[in-house]
Each structure stands twice: as C-alpha cells, then as structure tokens.
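The file structure_1.pdb comes next; it holds PDB, C-alpha atoms.
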```pdb
ATOM      1  CA  MET S   1     -21.442  -4.034  -4.847
ATOM      2  CA  SER S   2     -21.185  -5.639  -8.261
ATOM      3  CA  SER S   3     -22.816  -2.550  -9.793
ATOM      4  CA  LEU S   4     -19.788  -0.487  -8.739
ATOM      5  CA  ARG S   5     -17.297  -2.498 -10.753
ATOM      6  CA  LEU S   6     -15.855  -1.089 -13.928
ATOM      7  CA  PRO S   7     -14.732  -2.947 -17.031
ATOM      8  CA  SER S   8     -11.226  -4.251 -16.498
ATOM      9  CA  HIS S   9      -9.777  -2.295 -19.405
ATOM     10  CA  THR S  10     -10.761   1.032 -17.806
ATOM     11  CA  ARG S  11      -9.239   0.434 -14.379
ATOM     12  CA  ARG S  12      -5.878   1.727 -13.308
ATOM     13  CA  LYS S  13      -3.756  -0.564 -11.131
ATOM     14  CA  PHE S  14      -1.821   1.970  -8.988
ATOM     15  CA  SER S  15       0.750  -0.762  -8.199
ATOM     16  CA  ARG S  16      -1.593  -2.280  -5.623
ATOM     17  CA  PRO S  17      -3.487  -5.546  -5.290
ATOM     18  CA  ALA S  18      -7.216  -5.330  -5.995
ATOM     19  CA  SER S  19      -8.214  -5.434  -2.320
ATOM     20  CA  GLN S  20      -5.908  -2.536  -1.392
ATOM     21  CA  ARG S  21      -7.024  -0.547  -4.434
ATOM     22  CA  ARG S  22     -10.684  -1.053  -3.520
ATOM     23  CA  LEU S  23     -10.080   0.052   0.065
ATOM     24  CA  MET S  24      -8.093   3.094  -1.107
ATOM     25  CA  PHE S  25     -10.989   4.280  -3.270
ATOM     26  CA  ARG S  26     -13.549   3.532  -0.560
ATOM     27  CA  THR S  27     -11.552   5.701   1.852
ATOM     28  CA  LEU S  28     -10.997   8.488  -0.690
ATOM     29  CA  ALA S  29     -14.693   8.494  -1.627
ATOM     30  CA  THR S  30     -15.749   8.599   2.018
ATOM     31  CA  ASN S  31     -13.416  11.514   2.753
ATOM     32  CA  LEU S  32     -14.587  13.380  -0.341
ATOM     33  CA  VAL S  33     -18.252  12.959   0.617
ATOM     34  CA  ILE S  34     -17.607  14.096   4.194
ATOM     35  CA  HIS S  35     -15.256  17.027   3.504
ATOM     36  CA  GLY S  36     -16.460  18.146   0.071
ATOM     37  CA  GLN S  37     -12.953  18.295  -1.383
ATOM     38  CA  ILE S  38      -9.658  16.455  -1.019
ATOM     39  CA  GLN S  39      -6.190  16.739  -2.510
ATOM     40  CA  THR S  40      -4.712  13.720  -4.284
ATOM     41  CA  THR S  41      -2.801  12.818  -7.432
ATOM     42  CA  VAL S  42      -4.428  13.455 -10.803
ATOM     43  CA  PRO S  43      -4.764   9.760 -11.817
ATOM     44  CA  LYS S  44      -6.370   8.879  -8.474
ATOM     45  CA  ALA S  45      -8.726  11.841  -8.770
ATOM     46  CA  LYS S  46      -9.797  10.799 -12.262
ATOM     47  CA  GLU S  47     -10.493   7.255 -11.122
ATOM     48  CA  LEU S  48     -12.194   8.415  -7.907
ATOM     49  CA  ARG S  49     -14.596  10.614  -9.868
ATOM     50  CA  ARG S  50     -16.294   7.507 -11.288
ATOM     51  CA  PHE S  51     -16.990   6.032  -7.870
ATOM     52  CA  VAL S  52     -18.216   9.303  -6.338
ATOM     53  CA  ASP S  53     -20.556   9.995  -9.252
ATOM     54  CA  LYS S  54     -22.073   6.546  -8.777
ATOM     55  CA  MET S  55     -22.472   7.192  -5.050
ATOM     56  CA  VAL S  56     -24.273  10.493  -5.682
ATOM     57  CA  THR S  57     -26.538   8.742  -8.180
ATOM     58  CA  LEU S  58     -27.375   6.161  -5.511
ATOM     59  CA  GLY S  59     -28.115   9.016  -3.127
ATOM     60  CA  LYS S  60     -30.482  10.566  -5.646
ATOM     61  CA  GLU S  61     -32.361   7.284  -6.001
ATOM     62  CA  GLY S  62     -33.065   7.376  -2.289
ATOM     63  CA  THR S  63     -34.299   3.789  -2.083
ATOM     64  CA  ARG S  64     -33.516   1.362   0.665
ATOM     65  CA  ALA S  65     -31.526  -0.796  -1.752
ATOM     66  CA  ALA S  66     -29.493   2.217  -2.897
ATOM     67  CA  ARG S  67     -28.738   3.138   0.716
ATOM     68  CA  SER S  68     -27.599  -0.424   1.355
ATOM     69  CA  GLN S  69     -25.266  -0.318  -1.656
ATOM     70  CA  ALA S  70     -23.826   3.025  -0.564
ATOM     71  CA  ARG S  71     -23.342   1.751   2.980
ATOM     72  CA  ALA S  72     -21.462  -1.274   1.601
ATOM     73  CA  PHE S  73     -19.038   1.001  -0.269
ATOM     74  CA  LEU S  74     -18.591   4.031   1.989
ATOM     75  CA  THR S  75     -16.808   3.423   5.279
ATOM     76  CA  THR S  76     -18.853   5.612   7.672
ATOM     77  CA  ASP S  77     -22.539   6.151   8.326
ATOM     78  CA  ASP S  78     -21.943   9.931   8.450
ATOM     79  CA  ALA S  79     -20.888   9.833   4.802
ATOM     80  CA  VAL S  80     -23.961   7.805   3.827
ATOM     81  CA  ASN S  81     -26.277  10.197   5.660
ATOM     82  CA  LYS S  82     -24.655  13.252   4.084
ATOM     83  CA  LEU S  83     -24.871  11.606   0.673
ATOM     84  CA  PHE S  84     -28.588  10.826   0.976
ATOM     85  CA  LEU S  85     -29.679  13.984   2.782
ATOM     86  CA  GLU S  86     -27.484  16.799   1.454
ATOM     87  CA  TYR S  87     -26.089  15.728  -1.923
ATOM     88  CA  ALA S  88     -29.256  14.021  -3.135
ATOM     89  CA  ASP S  89     -31.195  17.246  -2.644
ATOM     90  CA  ARG S  90     -28.392  19.407  -4.054
ATOM     91  CA  PHE S  91     -28.149  17.481  -7.338
ATOM     92  CA  ARG S  92     -31.782  16.463  -7.858
ATOM     93  CA  HIS S  93     -31.958  18.379 -11.187
ATOM     94  CA  ARG S  94     -28.453  17.498 -12.380
ATOM     95  CA  ASN S  95     -27.664  14.426 -14.485
ATOM     96  CA  GLY S  96     -24.046  13.555 -13.783
ATOM     97  CA  GLY S  97     -20.935  15.677 -13.493
ATOM     98  CA  TYR S  98     -21.070  16.109  -9.731
ATOM     99  CA  THR S  99     -17.320  16.564  -9.242
ATOM    100  CA  ARG S 100     -14.613  18.894 -10.494
ATOM    101  CA  ILE S 101     -10.890  18.162 -10.723
ATOM    102  CA  ARG S 102      -8.618  21.193 -10.474
ATOM    103  CA  PRO S 103      -4.913  20.641 -11.189
ATOM    104  CA  MET S 104      -2.721  22.163  -8.478
ATOM    105  CA  GLY S 105       0.802  21.620  -9.787
ATOM    106  CA  TYR S 106       3.357  19.028  -8.771
ATOM    107  CA  ARG S 107       4.148  17.396  -5.450
ATOM    108  CA  GLU S 108       7.462  18.449  -3.922
ATOM    109  CA  GLY S 109       9.019  15.045  -3.236
ATOM    110  CA  ASP S 110       8.386  13.029  -6.401
ATOM    111  CA  LYS S 111       6.925  15.648  -8.773
ATOM    112  CA  ALA S 112       3.684  13.716  -9.139
ATOM    113  CA  PRO S 113       0.851  15.834 -10.602
ATOM    114  CA  VAL S 114      -1.495  16.858  -7.786
ATOM    115  CA  ALA S 115      -5.133  17.937  -8.052
ATOM    116  CA  VAL S 116      -8.011  18.909  -5.824
ATOM    117  CA  ILE S 117     -11.194  16.962  -6.479
ATOM    118  CA  GLU S 118     -14.308  18.624  -5.141
ATOM    119  CA  ILE S 119     -18.033  18.076  -5.139
ATOM    120  CA  LEU S 120     -19.794  20.955  -6.856
ATOM    121  CA  ARG S 121     -22.191  23.275  -5.117
ATOM    122  CA  ASP S 122     -25.760  23.293  -6.398
ATOM    123  CA  ASP S 123     -25.471  26.634  -8.185
ATOM    124  CA  GLU S 124     -22.160  25.904  -9.911
ATOM    125  CA  LYS S 125     -21.827  24.982 -13.522
ATOM    126  CA  MET S 126     -18.742  23.557 -15.138
ATOM    127  CA  ASP S 127     -17.201  26.533 -16.920
ATOM    128  CA  TYR S 128     -14.426  25.348 -19.164
ATOM    129  CA  LYS S 129     -13.378  28.923 -19.927
ATOM    130  CA  ASP S 130     -11.586  28.904 -16.572
ATOM    131  CA  TYR S 131      -9.320  26.099 -17.752
ATOM    132  CA  PHE S 132      -8.490  27.238 -21.276
ATOM    133  CA  VAL S 133      -7.108  30.626 -22.265
ATOM    134  CA  SER S 134      -6.710  32.229 -25.668
ATOM    135  CA  GLY S 135      -3.353  32.826 -27.333
ATOM    136  CA  GLU S 136      -3.045  36.439 -26.148
ATOM    137  CA  GLU S 137      -3.969  35.553 -22.574
ATOM    138  CA  SER S 138      -1.486  32.687 -22.659
ATOM    139  CA  GLN S 139       1.311  35.055 -23.666
ATOM    140  CA  LEU S 140       0.329  37.495 -20.918
ATOM    141  CA  LEU S 141       0.235  34.743 -18.319
ATOM    142  CA  SER S 142       3.667  33.493 -19.356
ATOM    143  CA  LEU S 143       5.069  37.043 -19.014
ATOM    144  CA  ILE S 144       3.526  37.437 -15.574
ATOM    145  CA  LYS S 145       4.962  34.120 -14.383
ATOM    146  CA  GLU S 146       8.499  35.048 -15.479
TER     147      GLU S 146
END
```
Output the structure of this file as structure tokens.
Amino acid sequence: MSSLRLPSHTRRKFSRPASQRRLMFRTLATNLVIHGQIQTTVPKAKELRRFVDKMVTLGKEGTRAARSQARAFLTTDDAVNKLFLEYADRFRHRNGGYTRIRPMGYREGDKAPVAVIEILRDDEKMDYKDYFVSGEESQLLSLIKE
C-alpha cells in the first residue's frame, strides 16, 4: 500500500486524523468503483480522483500483485472484481484521465461546493467545451437564469 501514498505537501487534511482520512477515501473509492458515480464535495472529489486513477491503473496491469494491492485498498471483493474485469477492459487504450468531476452547485445546509465524480464510459472523451462558454453564450446564460 506504500505505492498509494502521495507526497505530504499534496494531501488535504479534511480535519481528520490520517487513519480516518484513509478509511474515508477507501470507502469513497469503493463506492465509486461499484456505482460508477457518487456525489461528494469538490475537494474530496479532487483528492479521490488520484486514488481511483491509481486503482484503475492497477486493474489494467492485471497481475496478481496488482490485484493484491487493490484488494488491500478497496473494501469489498465486488469492487476489486469490477475493477479488474470491467474497468480494465474499458480503459485498455486510455492512459489516465478515467474520472470526470462535474460541479453541481452548493449544499443546502453549509453551502459547501458539491460535485459528482464519475468514471467515464469507454467511448467518452473529456470535452472541455462543455465546461467553458464564450462571452456571448455567458451573457445569454445569465439572462436565462434571471
């Protein structure tokens, strides 16, 4: 599991001890692998993306050692099987960028930014035109929202 650690200057703390933070990301990664998409806060989604991309890369390797590493991180065998059978085949020709984070607005209670993080389908490409609009479109969108 040492290969799944990140440099300390890139980690976010999330006001939790290291053991709780590790378990939180293990659980989020497992749920994302099983369900394909989950809703969480934007900072958690950005941090989770690193772990899930590493899991998919392990799935693509397909070795016994990679399966053992994935089993040590993910919390259920169903997630490991789906990772090695479905996602490994889906992303065999893709080098990274297996997840997408879509902002969904703000949570009602504390106004925390919320996003949906999802694992891409095999035929999808990241199209950044969906996220950025030109000046004219921005003016039109602001008029429609008012």
Chain and number of each residue from the PyMOL selection byres ((chain S and resi 121) around 12), as a list in words: Gly36, Gln37, Glu86, Tyr87, Ala88, Asp89, Arg90, Phe91, Arg94, Gly97, Tyr98, Thr99, Arg100, Glu118, Ile119, Leu120, Asp122, Asp123, Glu124, Lys125 and Met126 of chain S
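For the choices S:Val116, S:Ala70, S:Leu48, S:Ala65, the atom-to-atom distance to Arg21 (chain S) is smallest for S:Leu48 when using only C-alpha atoms.
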Contact residues around Ala29 (chain S) with only C-alpha atoms at 12 Å, ignoring same-chain residues under 5 positions, as a PyMOL selection string: chain S and resi 22-24+34-40+44-56+70-71+73-76+79-80+83+99+117-119
Distance in Å - CA of Gly59 (chain S) versus CA of Ser19 (chain S): 24.6 Å
The centre and edge lengths of an axis-aligned box containing all atoms of region 20-35 of chain S present in the file, extended by 4 Å on each side, are to be given in Å to one decimal, as AutoDock Vina command-line options.
```
--center_x -12.1 --center_y 7.2 --center_z -0.1 --size_x 20.3 --size_y 27.6 --size_z 16.6
```
d(CA of Val114 (chain S), CA of Thr30 (chain S)) in Å: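 Interatomic distance here is 19.2 Å.
Between CA of Phe14 (chain S) and CA of Pro103 (chain S) the separation is 19.1 Å.
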